[in-house]
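Text of the file structure-v8.tsv, holding TSV, C-alpha atoms:
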```tsv
chain	number	residue	atom	x	y	z
N	1	MET	CA	108.92	72.90	92.61
N	2	ASN	CA	112.54	73.92	92.22
N	3	THR	CA	111.52	77.05	90.35
N	4	LEU	CA	109.23	78.07	93.20
N	5	LYS	CA	111.99	77.37	95.71
N	6	ASP	CA	114.44	79.53	93.73
N	7	LEU	CA	111.89	82.28	93.36
N	8	LEU	CA	111.24	82.34	97.10
N	9	GLY	CA	114.97	82.16	97.80
N	10	ASN	CA	115.65	85.16	95.56
N	11	LEU	CA	112.72	87.02	97.10
N	12	VAL	CA	114.18	86.51	100.57
N	13	LEU	CA	117.61	87.61	99.36
N	14	SER	CA	116.24	90.75	97.69
N	15	THR	CA	114.33	91.66	100.84
N	16	THR	CA	117.43	91.10	102.95
N	17	LEU	CA	119.45	93.36	100.65
N	18	LEU	CA	116.80	96.08	100.77
N	19	VAL	CA	116.60	95.92	104.55
N	20	LEU	CA	120.38	95.96	104.79
N	21	ILE	CA	120.62	99.10	102.67
N	22	LEU	CA	117.51	100.99	103.76
N	23	GLY	CA	117.70	99.99	107.45
N	24	PRO	CA	120.83	101.99	108.32
N	25	ILE	CA	119.70	104.95	106.17
N	26	GLY	CA	116.33	104.90	107.96
N	27	THR	CA	118.07	104.74	111.32
N	28	VAL	CA	120.20	107.78	110.43
N	29	ALA	CA	117.02	109.56	109.30
N	30	VAL	CA	115.17	108.74	112.52
N	31	ILE	CA	118.11	109.79	114.73
N	32	GLY	CA	118.44	112.94	112.62
N	33	GLY	CA	114.82	113.67	113.24
N	34	LEU	CA	112.71	113.66	110.12
N	35	ASP	CA	109.75	113.40	112.44
N	36	PHE	CA	110.38	116.44	114.63
N	37	ASN	CA	111.34	118.96	112.00
N	38	HIS	CA	108.42	121.23	112.81
N	39	ALA	CA	109.82	121.89	116.26
N	40	GLN	CA	112.88	123.71	115.05
N	41	GLU	CA	111.74	127.28	115.43
N	42	LEU	CA	111.21	127.52	119.16
N	43	GLY	CA	111.80	124.21	120.72
N	44	GLY	CA	110.98	120.91	122.05
N	45	ILE	CA	107.67	119.66	120.90
N	46	LEU	CA	108.18	115.96	121.10
N	47	GLY	CA	105.20	114.70	119.19
N	48	ALA	CA	102.00	116.15	117.84
N	49	THR	CA	99.55	113.90	116.14
N	50	GLU	CA	96.39	114.90	114.44
N	51	GLU	CA	93.38	112.72	114.71
N	52	THR	CA	89.88	113.13	113.46
N	53	PHE	CA	87.35	113.77	116.09
N	54	GLN	CA	84.63	113.92	113.55
N	55	GLY	CA	84.85	114.06	109.76
N	56	THR	CA	87.78	113.50	107.40
N	57	PHE	CA	91.36	112.98	108.46
N	58	SER	CA	93.75	115.17	106.57
N	59	VAL	CA	91.76	118.03	105.11
N	60	GLN	CA	89.55	120.20	107.21
N	61	ASN	CA	86.24	121.34	105.85
N	62	GLN	CA	83.42	123.43	107.21
N	63	GLY	CA	82.19	122.56	110.64
N	64	GLU	CA	84.55	119.69	111.31
N	65	LEU	CA	86.40	119.35	114.57
N	66	LYS	CA	90.00	118.22	114.93
N	67	LYS	CA	91.70	116.99	118.03
N	68	LEU	CA	95.45	117.57	118.38
N	69	SER	CA	97.51	115.72	120.94
N	70	VAL	CA	100.55	117.74	121.96
N	71	THR	CA	103.41	116.62	124.13
N	72	THR	CA	106.13	119.02	125.19
N	73	HIS	CA	108.41	119.74	128.15
N	74	TRP	CA	107.56	122.03	131.01
N	75	GLY	CA	109.70	125.15	130.64
N	76	LYS	CA	109.74	125.05	126.85
N	77	GLU	CA	108.00	126.73	124.00
N	78	ALA	CA	106.93	124.73	121.00
N	79	LEU	CA	105.90	125.93	117.59
N	80	TYR	CA	104.18	123.53	115.23
N	81	ARG	CA	103.79	124.93	111.74
N	82	ASN	CA	101.13	123.44	109.44
N	83	ALA	CA	99.69	121.43	112.30
N	84	LEU	CA	96.57	121.34	110.17
N	85	LEU	CA	95.77	122.42	106.64
N	86	VAL	CA	92.59	124.02	105.42
N	87	ARG	CA	91.83	123.62	101.73
N	88	ASN	CA	89.19	125.52	99.83
N	89	LYS	CA	87.83	122.80	97.57
N	90	SER	CA	85.11	124.97	96.10
N	91	THR	CA	85.30	127.16	93.02
N	92	GLU	CA	84.81	130.45	94.88
N	93	GLU	CA	86.80	132.40	97.44
N	94	LYS	CA	85.96	131.55	101.07
N	95	THR	CA	86.69	133.00	104.50
N	96	TYR	CA	87.41	130.67	107.39
N	97	ARG	CA	87.52	131.30	111.14
N	98	LEU	CA	89.59	129.31	113.59
N	99	GLU	CA	88.42	128.48	117.09
N	100	ILE	CA	89.72	126.42	120.00
N	101	ILE	CA	86.74	124.43	121.29
N	102	ALA	CA	88.43	122.65	124.19
N	103	LYS	CA	91.76	122.21	125.93
N	104	LYS	CA	92.36	119.20	128.11
N	105	GLY	CA	95.45	117.96	129.86
N	106	MET	CA	97.73	118.25	132.85
N	107	ASP	CA	97.58	121.80	134.36
N	108	VAL	CA	96.37	123.05	131.02
N	109	GLU	CA	95.41	126.42	132.49
N	110	LYS	CA	99.11	127.15	133.19
N	111	GLN	CA	100.05	126.64	129.56
N	112	SER	CA	99.75	129.27	126.90
N	113	ILE	CA	98.16	127.66	123.84
N	114	ASP	CA	97.54	129.59	120.67
N	115	VAL	CA	96.52	128.70	117.13
N	116	TYR	CA	96.52	130.97	114.11
N	117	PHE	CA	96.65	130.90	110.33
N	118	GLU	CA	100.26	131.08	109.22
N	119	ARG	CA	99.65	133.55	106.41
N	120	THR	CA	97.61	136.11	108.35
N	121	ASP	CA	98.94	135.59	111.88
N	122	GLY	CA	95.30	135.66	112.91
N	123	LYS	CA	92.21	133.56	113.45
N	124	ARG	CA	90.57	134.52	110.16
N	125	ILE	CA	91.69	133.92	106.59
N	126	THR	CA	90.39	134.21	103.04
N	127	VAL	CA	91.36	131.28	100.87
N	128	GLN	CA	91.18	131.23	97.07
N	129	PRO	CA	89.69	128.17	95.27
N	130	ASN	CA	91.93	125.11	95.48
N	131	GLU	CA	94.36	126.95	97.76
N	132	THR	CA	95.56	125.70	101.10
N	133	ALA	CA	96.16	127.60	104.34
N	134	GLY	CA	98.36	126.26	107.12
N	135	ILE	CA	97.46	126.51	110.80
N	136	THR	CA	100.24	127.10	113.30
N	137	LEU	CA	100.03	125.86	116.86
N	138	GLU	CA	102.09	127.43	119.64
N	139	VAL	CA	102.41	125.93	123.09
N	140	ALA	CA	104.39	127.56	125.89
N	141	ALA	CA	104.55	125.71	129.19
N	142	PRO	CA	106.16	127.54	132.17
N	143	TYR	CA	108.72	125.55	134.12
N	144	GLN	CA	106.99	123.39	136.66
N	145	LYS	CA	108.89	120.10	136.85
N	146	PRO	CA	111.34	118.19	134.65
N	147	SER	CA	108.67	116.18	132.91
N	148	LEU	CA	106.44	116.24	129.90
N	149	THR	CA	103.14	118.03	129.47
N	150	GLN	CA	100.36	116.36	127.59
N	151	THR	CA	97.57	118.39	126.12
N	152	ALA	CA	94.64	117.62	123.86
N	153	ILE	CA	93.28	120.55	121.88
N	154	THR	CA	90.03	120.41	119.94
N	155	LEU	CA	89.88	122.86	117.06
N	156	ALA	CA	87.18	123.97	114.69
N	157	VAL	CA	87.44	125.84	111.43
N	158	TRP	CA	84.19	127.56	110.53
N	159	GLU	CA	83.24	128.81	107.14
N	160	GLU	CA	81.87	132.35	107.25
Z	1	MET	CA	119.19	78.54	91.46
Z	2	VAL	CA	119.58	81.27	94.02
Z	3	SER	CA	121.10	84.43	92.52
Z	4	LYS	CA	124.82	84.69	93.15
Z	5	THR	CA	124.69	88.39	92.39
Z	6	LEU	CA	122.20	88.98	95.22
Z	7	LEU	CA	124.34	86.92	97.60
Z	8	LYS	CA	127.40	88.91	96.61
Z	9	LEU	CA	125.56	92.24	97.05
Z	10	ILE	CA	124.34	91.21	100.52
Z	11	ASP	CA	127.87	90.19	101.43
Z	12	LYS	CA	129.21	93.55	100.28
Z	13	ALA	CA	126.44	95.54	102.00
Z	14	ILE	CA	127.26	94.47	105.55
Z	15	LEU	CA	130.44	96.53	106.03
Z	16	PRO	CA	129.06	99.88	104.81
Z	17	ALA	CA	125.88	99.36	106.88
Z	18	VAL	CA	127.94	98.91	110.03
Z	19	LEU	CA	130.28	101.79	109.17
Z	20	LEU	CA	127.36	104.11	108.44
Z	21	LEU	CA	125.67	103.52	111.79
Z	22	ALA	CA	128.99	103.56	113.66
Z	23	GLY	CA	129.85	106.87	111.97
Z	24	LYS	CA	126.56	108.47	112.98
Z	25	ILE	CA	126.81	107.33	116.61
Z	26	LEU	CA	130.51	108.23	116.81
Z	27	GLY	CA	129.76	111.68	115.39
Z	28	ILE	CA	127.13	112.30	118.09
Z	29	ALA	CA	129.46	110.94	120.79
Z	30	VAL	CA	132.39	113.16	119.71
Z	31	PHE	CA	130.13	116.23	119.59
Z	32	VAL	CA	128.58	115.67	123.03
Z	33	ILE	CA	131.98	114.96	124.60
Z	34	ARG	CA	133.47	118.14	123.09
Z	35	HIS	CA	130.53	120.25	124.26
Z	36	ASN	CA	130.01	118.57	127.64
Z	37	LEU	CA	126.50	117.39	126.84
Z	38	ASP	CA	124.72	114.20	127.91
Z	39	PHE	CA	124.81	111.45	125.29
Z	40	THR	CA	121.46	110.44	123.84
Z	41	LEU	CA	120.24	109.31	120.44
Z	42	ASN	CA	117.00	111.22	121.01
Z	43	LEU	CA	118.25	114.48	119.53
Z	44	SER	CA	114.95	116.25	120.22
Z	45	SER	CA	115.97	116.54	123.86
Z	46	TYR	CA	118.71	119.02	122.89
Z	47	PRO	CA	118.00	122.72	122.24
Z	48	PRO	CA	117.03	123.42	118.59
Z	49	SER	CA	120.31	125.15	117.62
Z	50	THR	CA	122.27	122.22	119.06
Z	51	ILE	CA	120.13	119.74	117.10
Z	52	ILE	CA	121.22	121.31	113.79
Z	53	ARG	CA	124.90	121.34	114.77
Z	54	ILE	CA	124.92	117.82	116.21
Z	55	ASN	CA	123.00	116.48	113.19
Z	56	THR	CA	125.31	118.15	110.68
Z	57	TYR	CA	128.39	116.96	112.56
Z	58	SER	CA	127.24	113.35	112.97
Z	59	ASN	CA	125.94	113.20	109.38
Z	60	LEU	CA	129.39	114.20	108.17
Z	61	TYR	CA	130.89	111.31	110.14
Z	62	ALA	CA	128.36	108.87	108.65
Z	63	TYR	CA	128.86	110.16	105.12
Z	64	GLY	CA	132.63	110.34	105.65
Z	65	ALA	CA	132.76	106.62	106.47
Z	66	ILE	CA	130.96	105.78	103.22
Z	67	ALA	CA	132.91	108.32	101.15
Z	68	VAL	CA	136.27	107.00	102.35
Z	69	GLY	CA	135.19	103.41	101.63
Z	70	PHE	CA	133.98	104.29	98.16
Z	71	SER	CA	137.15	106.28	97.43
Z	72	ILE	CA	139.21	103.19	98.28
Z	73	ILE	CA	137.09	101.17	95.83
Z	74	LEU	CA	137.65	103.84	93.16
Z	75	ILE	CA	141.41	103.80	93.72
Z	76	ARG	CA	141.39	100.01	93.45
Z	77	SER	CA	139.27	100.14	90.30
Z	78	TYR	CA	141.64	102.63	88.65
Z	79	ILE	CA	144.99	101.23	89.79
Z	80	LEU	CA	144.47	97.64	90.92
Z	81	HIS	CA	141.78	96.55	88.45
Z	82	GLN	CA	142.69	93.18	86.93
Z	83	SER	CA	141.49	94.15	83.46
Z	84	HIS	CA	143.70	97.23	83.07
Z	85	ILE	CA	146.42	97.12	85.72
Z	86	SER	CA	149.80	98.23	84.35
Z	87	PRO	CA	152.33	95.44	83.62
Z	88	GLN	CA	154.99	97.23	85.71
Z	89	LEU	CA	152.73	97.32	88.77
Z	90	THR	CA	151.77	93.66	88.26
Z	91	VAL	CA	155.45	92.67	88.24
Z	92	ARG	CA	156.17	94.77	91.32
Z	93	LEU	CA	153.20	93.29	93.21
Z	94	HIS	CA	154.27	89.82	92.15
Z	95	LYS	CA	157.76	90.41	93.54
Z	96	LEU	CA	156.26	91.61	96.82
Z	97	ASP	CA	153.86	88.63	96.85
Z	98	LEU	CA	150.92	91.05	96.94
Z	99	THR	CA	148.99	89.91	93.87
Z	100	GLY	CA	146.04	89.22	96.16
Z	101	ILE	CA	145.17	92.94	96.23
Z	102	ILE	CA	144.46	92.95	92.50
Z	103	SER	CA	140.67	92.95	92.12
Z	104	THR	CA	138.37	91.51	89.50
Z	105	THR	CA	135.63	93.47	87.79
Z	106	TYR	CA	133.01	91.21	89.38
Z	107	GLU	CA	134.31	92.00	92.87
Z	108	LEU	CA	134.83	95.73	92.33
Z	109	PHE	CA	131.55	96.51	90.60
Z	110	HIS	CA	129.46	94.66	93.17
Z	111	GLN	CA	131.17	96.61	95.93
Z	112	ALA	CA	130.86	99.89	94.04
Z	113	ILE	CA	127.13	99.48	93.39
Z	114	VAL	CA	126.40	98.90	97.08
Z	115	TRP	CA	128.59	101.75	98.36
Z	116	LEU	CA	127.30	104.09	95.68
Z	117	SER	CA	123.70	103.28	96.72
Z	118	TYR	CA	124.50	104.20	100.32
Z	119	MET	CA	126.22	107.39	99.18
Z	120	TRP	CA	123.30	108.57	97.07
Z	121	LEU	CA	120.64	107.61	99.60
Z	122	LEU	CA	122.56	109.60	102.23
Z	123	SER	CA	122.88	112.56	99.85
Z	124	ILE	CA	119.11	112.56	99.25
Z	125	LEU	CA	118.44	112.25	102.98
Z	126	PHE	CA	120.76	115.18	103.74
Z	127	LEU	CA	119.06	117.34	101.13
Z	128	LEU	CA	115.68	116.58	102.71
Z	129	GLN	CA	117.06	117.31	106.18
Z	130	ALA	CA	118.54	120.58	104.91
Z	131	TYR	CA	115.16	121.50	103.42
Z	132	TRP	CA	113.60	120.90	106.85
Z	133	ASN	CA	116.32	122.94	108.59
Z	134	LEU	CA	117.71	119.92	110.40
Z	135	ILE	CA	121.24	120.26	109.01
Z	136	SER	CA	123.29	122.97	107.35
Z	137	VAL	CA	122.36	123.56	103.69
Z	138	GLN	CA	126.01	124.12	102.74
Z	139	VAL	CA	126.96	120.71	104.08
Z	140	ALA	CA	124.12	119.02	102.17
Z	141	LEU	CA	125.20	120.72	98.93
Z	142	ALA	CA	128.85	119.83	99.53
Z	143	VAL	CA	127.87	116.19	100.06
Z	144	LEU	CA	125.77	116.23	96.88
Z	145	THR	CA	128.68	117.68	94.87
Z	146	PHE	CA	131.07	115.08	96.26
Z	147	SER	CA	128.62	112.28	95.36
Z	148	ILE	CA	128.27	113.59	91.81
Z	149	VAL	CA	132.07	113.79	91.36
Z	150	GLN	CA	132.59	110.29	92.76
Z	151	THR	CA	129.85	108.90	90.51
Z	152	ILE	CA	131.40	110.49	87.42
Z	153	ILE	CA	134.80	109.01	88.31
Z	154	PHE	CA	133.17	105.60	88.74
Z	155	ILE	CA	131.26	105.86	85.45
Z	156	ARG	CA	134.54	106.61	83.65
Z	157	ASP	CA	135.97	103.35	84.96
Z	158	VAL	CA	132.82	101.44	83.93
Z	159	ASP	CA	133.16	103.02	80.50
Z	160	ARG	CA	136.78	101.94	80.24
Z	161	GLU	CA	135.79	98.42	81.26
Z	162	LEU	CA	133.08	98.28	78.58
Z	163	ASN	CA	135.59	99.40	75.95
Z	164	ILE	CA	137.93	96.58	76.96
Z	165	ILE	CA	135.06	94.07	76.69
Z	166	ARG	CA	134.11	95.43	73.22
Z	167	ILE	CA	137.71	95.01	72.01
```

Let me see the structure of the file written as structure tokens.
Amino acid sequence: MNTLKDLLGNLVLSTTLLVLILGPIGTVAVIGGLDFNHAQELGGILGATEETFQGTFSVQNQGELKKLSVTTHWGKEALYRNALLVRNKSTEEKTYRLEIIAKKGMDVEKQSIDVYFERTDGKRITVQPNETAGITLEVAAPYQKPSLTQTAITLAVWEE
Amino acid sequence: MVSKTLLKLIDKAILPAVLLLAGKILGIAVFVIRHNLDFTLNLSSYPPSTIIRINTYSNLYAYGAIAVGFSIILIRSYILHQSHISPQLTVRLHKLDLTGIISTTYELFHQAIVWLSYMWLLSILFLLQAYWNLISVQVALAVLTFSIVQTIIFIRDVDRELNIIRI
């Protein structure tokens, strides 16, 4: 019984020590912005999450759709590199085409939303077997009011 | 029995944790006051070029707090370490009734391990942030170099201590 008590006591102490050391480091990391590093090039994207509309989560394959939720400020441009990755899992070279299926959000027609493959600066790319291609998302929202814009973009990557 | 070492480490980890956070917040506060900006901990609300400068500046304050603390521990471990303090200094401290500042190996090494952990975790974090263009690369490399030098100095003292134990 005493052994179990000691074991639990030491477990609690170890956890406390870990929290005490990693907590402040984590706080410095969060303040410093490990989570908004992609916004550095042009500005204030405040959060972009990727979620699966249909299909797998992290890697995009033929015919799957992805929905991106983008939040930025009116009057700012945001650049989000590697918003999605396309990987050619096959053993032969493949060409993919990028297409925006839908844009939804507040005054979405006033925003300029563009997606392209990082490497080619275009909507089409040839990817070697087991290689990955990054998709860049650019959002520019003209100044309208001092608030946030929220946009949902549905993307497809087609295999040609 | 509950580990005394863990209790000691927790005890020694409180001060650097507070100093680290205070340093980061103070760094941001000093920067925004000097540049007439609004204070916020949400750095993403600043323009991108300001984010890098404010991050670099406040990181230096946070690291500086830990580096100064660890340097004090190193000075104590080299000069005021019970196991190898010079007899002359011991006599002088005794005359001044300051023998309390002489530290034991147990005390010093527990402190050093905790402060060194903070220093290295910060160095790794700064390297990652430099890789992601969130702080200046030069500052991250300078911090890494300083951490390596401090660690070598500390290891030399540990080595000396081990030699004394062997004798």

| field | Minimum-distance residue to Arg160 of chain Z, chosen among Z:Ser77, Z:Ser123, Z:Gln129, Z:Gln138 (using only C-alpha atoms) | value | Z:Ser77

| said: So that I can check the surroundings of Tyr57 of chain Z, please list as a ChimeraX atom specification every protein, DNA and RNA residue that reaches within 12 Å of it, counting all atoms listed in the file and ignoring chain neighbours fewer than 6 positions away. | reply: /N:32 /Z:23-32,34,50-51,63-64,126,134-136,139-140

Should the cut-off be 10 Å, what would the residue list for chain Z against chain N look like, counting all atoms listed in the file, as a short mmCIF file (atom, residue, chain, number, x, y, z; two decimals) with C-alpha atoms, in the frame of the given file?
```
data_model
loop_
_atom_site.label_atom_id
_atom_site.label_comp_id
_atom_site.auth_asym_id
_atom_site.auth_seq_id
_atom_site.Cartn_x
_atom_site.Cartn_y
_atom_site.Cartn_z
CA MET Z 1 119.19 78.54 91.46
CA VAL Z 2 119.58 81.27 94.02
CA SER Z 3 121.10 84.43 92.52
CA LYS Z 4 124.82 84.69 93.15
CA THR Z 5 124.69 88.39 92.39
CA LEU Z 6 122.20 88.98 95.22
CA LEU Z 7 124.34 86.92 97.60
CA LYS Z 8 127.40 88.91 96.61
CA LEU Z 9 125.56 92.24 97.05
CA ILE Z 10 124.34 91.21 100.52
CA ASP Z 11 127.87 90.19 101.43
CA LYS Z 12 129.21 93.55 100.28
CA ALA Z 13 126.44 95.54 102.00
CA ILE Z 14 127.26 94.47 105.55
CA PRO Z 16 129.06 99.88 104.81
CA ALA Z 17 125.88 99.36 106.88
CA VAL Z 18 127.94 98.91 110.03
CA LEU Z 19 130.28 101.79 109.17
CA LEU Z 20 127.36 104.11 108.44
CA LEU Z 21 125.67 103.52 111.79
CA ALA Z 22 128.99 103.56 113.66
CA GLY Z 23 129.85 106.87 111.97
CA LYS Z 24 126.56 108.47 112.98
CA ILE Z 25 126.81 107.33 116.61
CA ILE Z 28 127.13 112.30 118.09
CA THR Z 40 121.46 110.44 123.84
CA LEU Z 41 120.24 109.31 120.44
CA ASN Z 42 117.00 111.22 121.01
CA LEU Z 43 118.25 114.48 119.53
CA SER Z 44 114.95 116.25 120.22
CA SER Z 45 115.97 116.54 123.86
CA TYR Z 46 118.71 119.02 122.89
CA PRO Z 47 118.00 122.72 122.24
CA PRO Z 48 117.03 123.42 118.59
CA SER Z 49 120.31 125.15 117.62
CA ILE Z 51 120.13 119.74 117.10
CA ILE Z 52 121.22 121.31 113.79
CA ILE Z 54 124.92 117.82 116.21
CA ASN Z 55 123.00 116.48 113.19
CA THR Z 56 125.31 118.15 110.68
CA SER Z 58 127.24 113.35 112.97
CA ASN Z 59 125.94 113.20 109.38
CA ALA Z 62 128.36 108.87 108.65
CA VAL Z 114 126.40 98.90 97.08
CA TRP Z 115 128.59 101.75 98.36
CA SER Z 117 123.70 103.28 96.72
CA TYR Z 118 124.50 104.20 100.32
CA MET Z 119 126.22 107.39 99.18
CA LEU Z 121 120.64 107.61 99.60
CA LEU Z 122 122.56 109.60 102.23
CA LEU Z 125 118.44 112.25 102.98
CA PHE Z 126 120.76 115.18 103.74
CA LEU Z 128 115.68 116.58 102.71
CA GLN Z 129 117.06 117.31 106.18
CA TYR Z 131 115.16 121.50 103.42
CA TRP Z 132 113.60 120.90 106.85
CA ASN Z 133 116.32 122.94 108.59
CA LEU Z 134 117.71 119.92 110.40
CA ILE Z 135 121.24 120.26 109.01
#
```

| message | I'd like the neighbourhood of segment 118-120 of chain N as a ChimeraX atom specification, where a residue qualifies if any of its atoms comes within 9 Å (using only C-alpha atoms), though same-chain residues fewer than 3 positions away should be ignored. | response | /N:81-82,123-125,133-136

| query | Between atom CA of Gly105 of chain N and atom CA of Trp158 of chain N, what is the spacing in Å? | reply |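 Computing it gives 24.3 Å between the two atoms.
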
| message | As an exercise, work out the distance from atom CA of Thr145 of chain Z to atom CA of Glu161 of chain Z in Å and give it to one decimal place. | response |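 A separation of 24.6 Å between them.
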
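Take atom CA of Val108 of chain N and atom CA of Val86 of chain N: the distance between them is 25.9 Å.
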
| said: My list of candidates is N:Val127, N:Val70, N:Leu84, N:Met106. Which is closest to Ala156 of chain N when distances are computed with all atoms listed in the file? | reply: N:Leu84

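The smallest atom-to-atom distance between Thr95 of chain N and any of N:Asp107, N:Glu159, N:Asp114, N:Asp121, using only C-alpha atoms, is found for N:Glu159.
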
Could you give me the axis-aligned bounding box of segment 99-116 of chain Z, with 4 Å of padding per side, as centre plus edge lengths in Å to one decimal, as AutoDock Vina command-line options?
```
--center_x 137.7 --center_y 96.7 --center_z 93.1 --size_x 30.6 --size_y 22.9 --size_z 18.6
```

Output requested as a compact mmCIF listing (two decimals), in the frame of the given file - segment 135-160 of chain N, filled out with N, CA and C atoms.
```txt
# COMPACT_ATOMS: atom_id res chain seq x y z
N ILE N 135 97.75 126.03 109.44
CA ILE N 135 97.46 126.51 110.80
C ILE N 135 98.66 126.21 111.69
N THR N 136 99.09 127.25 112.40
CA THR N 136 100.24 127.10 113.30
C THR N 136 99.74 126.96 114.74
N LEU N 137 100.38 126.08 115.45
CA LEU N 137 100.03 125.86 116.86
C LEU N 137 101.23 126.23 117.71
N GLU N 138 101.02 127.05 118.72
CA GLU N 138 102.09 127.43 119.64
C GLU N 138 101.72 127.00 121.05
N VAL N 139 102.64 126.34 121.70
CA VAL N 139 102.41 125.93 123.09
C VAL N 139 103.60 126.40 123.92
N ALA N 140 103.33 127.14 124.98
CA ALA N 140 104.39 127.56 125.89
C ALA N 140 104.01 127.08 127.28
N ALA N 141 104.85 126.26 127.86
CA ALA N 141 104.55 125.71 129.19
C ALA N 141 105.60 126.24 130.18
N PRO N 142 105.18 127.03 131.21
CA PRO N 142 106.16 127.54 132.17
C PRO N 142 106.81 126.40 132.93
N TYR N 143 108.03 126.65 133.44
CA TYR N 143 108.72 125.55 134.12
C TYR N 143 107.96 125.15 135.38
N GLN N 144 107.72 123.89 135.50
CA GLN N 144 106.99 123.39 136.66
C GLN N 144 107.74 122.20 137.26
N LYS N 145 108.13 121.27 136.41
CA LYS N 145 108.89 120.10 136.85
C LYS N 145 109.56 119.49 135.62
N PRO N 146 110.63 118.74 135.82
CA PRO N 146 111.34 118.19 134.65
C PRO N 146 110.61 117.00 134.04
N SER N 147 109.43 117.27 133.54
CA SER N 147 108.67 116.18 132.91
C SER N 147 107.91 116.71 131.71
N LEU N 148 107.16 115.85 131.11
CA LEU N 148 106.44 116.24 129.90
C LEU N 148 105.03 116.75 130.22
N THR N 149 104.54 117.63 129.38
CA THR N 149 103.14 118.03 129.47
C THR N 149 102.39 117.30 128.38
N GLN N 150 101.17 116.99 128.63
CA GLN N 150 100.36 116.36 127.59
C GLN N 150 99.03 117.09 127.49
N THR N 151 98.75 117.56 126.31
CA THR N 151 97.57 118.39 126.12
C THR N 151 96.79 117.93 124.89
N ALA N 152 95.49 117.93 125.02
CA ALA N 152 94.64 117.62 123.86
C ALA N 152 93.83 118.87 123.52
N ILE N 153 93.97 119.32 122.30
CA ILE N 153 93.28 120.55 121.88
C ILE N 153 92.27 120.19 120.79
N THR N 154 91.05 120.64 120.98
CA THR N 154 90.03 120.41 119.94
C THR N 154 89.80 121.72 119.19
N LEU N 155 89.97 121.67 117.89
CA LEU N 155 89.88 122.86 117.06
C LEU N 155 88.71 122.77 116.09
N ALA N 156 88.19 123.93 115.76
CA ALA N 156 87.18 123.97 114.69
C ALA N 156 87.55 125.04 113.70
N VAL N 157 87.27 124.80 112.45
CA VAL N 157 87.44 125.84 111.43
C VAL N 157 86.06 126.07 110.81
N TRP N 158 85.54 127.26 111.03
CA TRP N 158 84.19 127.56 110.53
C TRP N 158 84.26 128.34 109.24
N GLU N 159 83.35 128.03 108.38
CA GLU N 159 83.24 128.81 107.14
C GLU N 159 82.30 129.98 107.39
N GLU N 160 82.72 131.18 106.98
CA GLU N 160 81.87 132.35 107.25
C GLU N 160 81.10 132.76 105.98
```
